[in-house]
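Following: one structure in structure tokens, then a few remarks.
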Amino acid sequence: MRSRNRRTSWGRAVAGVAGAVCVGLVPTVVAIAPPAGATAARALHAGGSVDEAWLTGARPGDAVTLVRNGTPVINPGNPAATDALGSLIIRDLTPGAGYAWDDTTAGVTTPVFSVLAPDANPATSSTLYSGQPLHEGLNYVAMRDGIQLAATVRYPYGVTCSAAAPCPTVIEYSGYGTAGPTDPIPPLLASALHTPCTTCGDPHLLPDGSTDVGAVLARVSGFATVSLQMRGTGCSGGAYDLFGYPSDYDAYDAVETVAHQGWVANHKVGMVGISYSGLSELPSAGTNPPDLAAIAPMSPTDDLFSTGYPGGIYNNGFAAGWIAERIDNAKSAAALVGGSLRPLAATPVSGVGQPWVYYEMAAEGAGSACLANQALHGQSESLASLVGPQLVAPGTGPGRDPSLFDRRSMSTWARRITVPVFVSGAMQDEQTGPQWPALLSALPASTPVFANMVNGGHIDSTDPQIISRWLEFLDLYVADKVPTAPNALAGLILDDFTSFAASTSAQAPLPAIRFTSAKTLVRARREFSRQTPRVQALFDSGAGAAGSGNPQSTYAAGFSQWPPRGRSMNLWFGPHGALQQGPAPHASGSATVGLDPSLRPATSLPPGGNAWAADPGWNWTPVPAQNGAGFQTTPFAADTTIAGPATLNLWVEAGTPVVDLQATVTEVRPAATQEEYVTSGFLRSSNQVDLASSNPLFTVPSYLAADAKTLTSTKYTLVKIPIDPIVHTFRAGTELRVVLSAPGGDRPSWTFDSVDNGQVVSFGLGGAAASWLTVDVVPHVTATPTLPACGSLRGEPCRAYQAQSNQA
């Protein structure tokens, strides 16, 4: 979810329950002394992080050398230079003792220190965890490498936590403006009541609305929340590195530190959050903190590469914009003046750091820890190795480098997770993407997993039908108690969260909380596990009684695994656009198209459109007849549910070595006058080598430059396009269609840096070059009998049906 303050009135319903209540908490800032190097009396300060070494306190441009046991580690005889704040970080080091920095300009050498290793964690009895008392409001928490993270403790709304009355506690962890110390709940209530709120705190210090899952929803549900600011962002120290090891193991340290607080119930904590703070939960849990109780990520992704480079094609829309925002957010809001760190300005500088930081530095005044923590922000990891079209440029780009991406992969970390997991996401997520269910295959079978998938966009992971199960999960696995129903105010805020976030007009009420009458926690957990499948698919959200396009599903199906146990069905390309359950026995010609992305709008949503709205105003246009190839089944004789990933096995001839391909799966309505979007798949054709983990349904290209292969115009080459998961019932009388084209035009915010510019390609139709689609047909799913109106389902736009030229 993009960093944004999207809070407006919570509505008349909230105001009616809140009455005249608007209790504001003035944040208490608990700031420990700034580290050496943050004031005029500057001195070198150094330490070792996981695989890194850092230095602050030097003069700008000083020549410094990192040595180990007296020997230069890199570039002997060629010292590095400190940045404008007198700081430097060197990464990818061999863990161990004996490191030191030699400032040859100043003639000073630091004391020796150790570079830390992954999984070499401090003992749980360490004073690092037991010796840092945290209080309500903004704290600065020391990590294992001496770096401080900003962390705002927010008690449950209207409750005071203490050792005598401890509170169940969750952490929300991201690089957005997470730790802004103003309580967001009183301003929300004041807005709903249309009354002034004189005790609401400084509005400049509000956390981002993208962190409301922890800062608002968890707290009105009875949980304390620790809003943890990722290193190198906001008022946290250190340098930003997109899910690098230091950030991952910061989460370990934070979990253990919070769990050791006397006011934390059971001395266990959970993690919650959507999008960025959902993604962060997977590596956090993968480090296996002993006192982590459970995690509940919403709208995650499976891998940074799959969001940034769908099918190996650079996503120069949402992904590029999100990264650019992260780079700006990570910039230092300080400057070195007369040998001392000073705020860059009294008010926020556009594109330089997070706005709340400027106000927090001013509020803290002399000795500001927030100011001192800006010292290493200029050393943020260069993201050039992780993002940009150059990474996948045909013939020159390195592709997906496992040494960079695997350690940042949510799927890689998921394989290590043992605590219970509640995960939810949408099958047309326009931001992180619909490929997230790959996480379900990565999580160990022994790990308790409760996954929820629904059609819709990024916000739909918080639908009321999901939030009820989320509350049950948090009570059972974090609070260690039998679930309780939310009070009236909490129920309305939880129920209306998606409506207000998405600007929809209505939605179904919050389903009742189950198991509230269970006699014991053990019984409640047992019943939850028995009645809550590992994978719950919610179908046709937008077609319910709440009204067209509003969040409410009309039926559901539970599965014990992902992909569900079903029947693999091959649908073969045939002449005249046929998509049939058997290959043409002989070569049946080909379908030829010109791949030109410029002939359609780049996205399916016009500028200013809201993909989360009940009626987003879609602009999902047909592919011009000559620029796409369509293949279509005959009408289904009975309702047919497809659930799982899919693969399009495509034989391709082309006069150019590399092309980009998009495969769009649609539902053609009876009478073939309309079709509805279901999902898409993408591939740069050079990615023809798949990982050993691939299977007929789930294709995973290596995306390595060393594996790249080219197309020819003299023979067909088999390429396998990974299709994002299909979770859809094709009702009797409808048809499934696949449209092949250049990438673009299907997604609300994903756009593509495509190599296509009119190249002519041909797709094989039979014999030795028979192309086919493999899908997973699952039994025992009972759909509601009425076919929803085309375009009413969330995330699934409708367009007028247009046959492609090969379908004549």
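Chain identifiers are assigned as A, B, and so on, following the order in which chains appear in the structure tokens; residues are numbered from 1 within each chain, and ligands are numbered from 1 in order of appearance.
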Neighbour list for Asn69 of chain A as a ChimeraX atom specification, cut-off 8 Å, only C-alpha atoms, skip fewer than 6 positions in-chain = /A:98-100
Atom CA of Cys798 of chain A and atom CA of Asp460 of chain A, how far apart in Å?
-> 19.0 Å
Using only C-alpha atoms, which residues sit within 8 Å of Asn329 of chain A once same-chain residues fewer than 2 positions away are excluded, as a PyMOL selection string?
-> chain A and resi 176+233-234+325-327+331+351-354
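When atom CA of Gly86 of chain A is paired with atom CA of Glu381 of chain A, their separation reads 16.5 Å.
One distance worth recording is that between atom CA of Val658 of chain A and atom CA of Leu773 of chain A, which is 21.6 Å.
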Residues at most 8 Å from Asp253 of chain A, counting only C-alpha atoms, excluding those fewer than 3 positions away in the same chain, as a PyMOL selection string?
-> chain A and resi 129+143-144+249-250+256-257+289
Export, as a tab-separated table (two decimals), in the first residue's frame, the selected residues with C-alpha atoms.
chain	number	residue	atom	x	y	z
A	129	TYR	CA	16.19	-7.29	25.66
A	143	MET	CA	19.45	-3.13	18.26
A	144	ARG	CA	22.24	-5.71	18.49
A	249	TYR	CA	17.22	-9.17	12.43
A	250	ASP	CA	16.11	-5.81	13.83
A	256	GLU	CA	12.38	-9.94	22.12
A	257	THR	CA	12.66	-6.45	23.61
A	289	PRO	CA	12.34	-14.94	17.56
Would you list the contacts of Gly397 of chain A as a PyMOL selection string, taking every protein, DNA or RNA residue within 10 Å and counting only C-alpha atoms, but skipping same-chain residues closer than 5 positions in sequence?
-> chain A and resi 389-392+704-706
If you count only C-alpha atoms, which residues fall within 7 Å of segment 608-624 of chain A, apart from same-chain ones fewer than 6 positions away, as a PyMOL selection string?
-> chain A and resi 457+459+502-504+548-550+600+745-746+748+797+799+802
Find the residues around Leu383 of chain A up to 9 Å (only C-alpha atoms counted), leave out those fewer than 5 positions away in its own chain, and share them as a list in words.
-> Asp241, Leu242, Ile323, Ile327 and Gly388 of chain A
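Here the question is which of A:Val258, A:Val668, A:Ile721, A:Ala587 gets nearest to Gly766 of chain A using only C-alpha atoms, and that residue is A:Ala587.
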One residue among A:Tyr157, A:Trp263, A:Tyr477, A:Phe305 is nearest to Leu292 of chain A when using only C-alpha atoms, and that residue is A:Tyr477
Between A:Pro585, A:Gly70, A:Gly767, A:Gly158, smallest distance to Ala490 of chain A by only C-alpha atoms belongs to A:Gly158
Smallest atom-to-atom distance to Ala488 of chain A: which of A:Ser221, A:Ser368, A:Gln435, A:Thr160, using only C-alpha atoms?
-> A:Ser221
Would you give me, as a tab-separated table, each residue of segment 291-355 of chain A having an atom within 8 Å of an atom of segment 671-695 of chain A, along with its shortest atom pair and that distance in Å to one decimal, using only C-alpha atoms and sorting by chain and residue number?
residue	atom	partner	partner_atom	distance
A:Pro310	CA	A:Phe682	CA	6.1
A:Gly311	CA	A:Leu683	CA	4.0
A:Gly312	CA	A:Arg684	CA	5.6
A:Ile313	CA	A:Arg684	CA	6.1
Looking at only C-alpha atoms, which of A:Ser403, A:Thr56, A:Ser126, A:Ser771 is the one that sits closest to Ser340 of chain A?
-> A:Thr56
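Of the listed residues A:Ala265, A:Leu138, A:Ala53, A:Ala654, the one whose atoms come nearest to Ala239 of chain A is A:Ala53, with distances taken using only C-alpha atoms.
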DSSP-assigned strand (DSSP E) members of segment 588-648 of chain A, reported as a PyMOL selection string | chain A and resi 590-595+629-632+640-648
Go ahead and save the picked residues with N, CA, C and O atoms, as a compact mmCIF listing (two decimals), in the first residue's frame.
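The result, written out as selection_2.txt:
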# COMPACT_ATOMS: atom_id res chain seq x y z
N SER A 590 -1.04 -21.52 -37.78
CA SER A 590 -0.60 -20.70 -36.66
C SER A 590 -1.51 -19.49 -36.55
O SER A 590 -2.31 -19.20 -37.43
N ALA A 591 -1.39 -18.82 -35.41
CA ALA A 591 -2.06 -17.54 -35.20
C ALA A 591 -0.96 -16.48 -35.17
O ALA A 591 0.00 -16.60 -34.39
N THR A 592 -1.08 -15.46 -36.00
CA THR A 592 -0.03 -14.45 -36.14
C THR A 592 -0.56 -13.09 -35.69
O THR A 592 -1.67 -12.70 -36.05
N VAL A 593 0.23 -12.40 -34.86
CA VAL A 593 -0.17 -11.09 -34.35
C VAL A 593 1.02 -10.14 -34.38
O VAL A 593 2.18 -10.56 -34.42
N GLY A 594 0.71 -8.87 -34.33
CA GLY A 594 1.73 -7.83 -34.17
C GLY A 594 1.69 -7.32 -32.74
O GLY A 594 0.64 -6.85 -32.27
N LEU A 595 2.79 -7.41 -32.03
CA LEU A 595 2.83 -7.04 -30.61
C LEU A 595 3.15 -5.55 -30.48
O LEU A 595 4.29 -5.12 -30.66
N ALA A 629 -4.25 -12.51 -30.22
CA ALA A 629 -4.81 -13.79 -30.64
C ALA A 629 -5.70 -14.30 -29.52
O ALA A 629 -5.28 -14.32 -28.35
N GLY A 630 -6.93 -14.71 -29.86
CA GLY A 630 -7.87 -15.19 -28.87
C GLY A 630 -8.17 -16.66 -29.04
O GLY A 630 -8.30 -17.16 -30.17
N PHE A 631 -8.27 -17.37 -27.92
CA PHE A 631 -8.60 -18.79 -27.93
C PHE A 631 -9.66 -19.02 -26.86
O PHE A 631 -9.48 -18.62 -25.70
N GLN A 632 -10.75 -19.69 -27.25
CA GLN A 632 -11.96 -19.67 -26.44
C GLN A 632 -12.61 -21.05 -26.39
O GLN A 632 -12.74 -21.72 -27.42
N THR A 640 -18.00 -24.73 -13.40
CA THR A 640 -16.65 -25.29 -13.34
C THR A 640 -15.76 -24.33 -12.56
O THR A 640 -15.55 -23.19 -13.00
N THR A 641 -15.26 -24.76 -11.42
CA THR A 641 -14.42 -23.91 -10.58
C THR A 641 -12.96 -24.24 -10.83
O THR A 641 -12.54 -25.40 -10.74
N ILE A 642 -12.20 -23.22 -11.15
CA ILE A 642 -10.75 -23.33 -11.32
C ILE A 642 -10.11 -22.60 -10.15
O ILE A 642 -10.45 -21.45 -9.86
N ALA A 643 -9.20 -23.26 -9.45
CA ALA A 643 -8.54 -22.65 -8.30
C ALA A 643 -7.09 -23.10 -8.26
O ALA A 643 -6.80 -24.28 -8.05
N GLY A 644 -6.17 -22.16 -8.48
CA GLY A 644 -4.75 -22.49 -8.44
C GLY A 644 -3.99 -21.73 -9.51
O GLY A 644 -4.58 -21.05 -10.36
N PRO A 645 -2.68 -21.83 -9.48
CA PRO A 645 -1.88 -21.25 -10.55
C PRO A 645 -2.12 -21.99 -11.85
O PRO A 645 -2.69 -23.09 -11.87
N ALA A 646 -1.71 -21.40 -12.94
CA ALA A 646 -1.88 -22.01 -14.25
C ALA A 646 -0.65 -21.71 -15.10
O ALA A 646 0.13 -20.80 -14.79
N THR A 647 -0.47 -22.48 -16.15
CA THR A 647 0.66 -22.28 -17.06
C THR A 647 0.16 -22.34 -18.50
O THR A 647 -0.61 -23.24 -18.87
N LEU A 648 0.61 -21.38 -19.30
CA LEU A 648 0.34 -21.40 -20.74
C LEU A 648 1.61 -21.86 -21.44
O LEU A 648 2.64 -21.19 -21.40
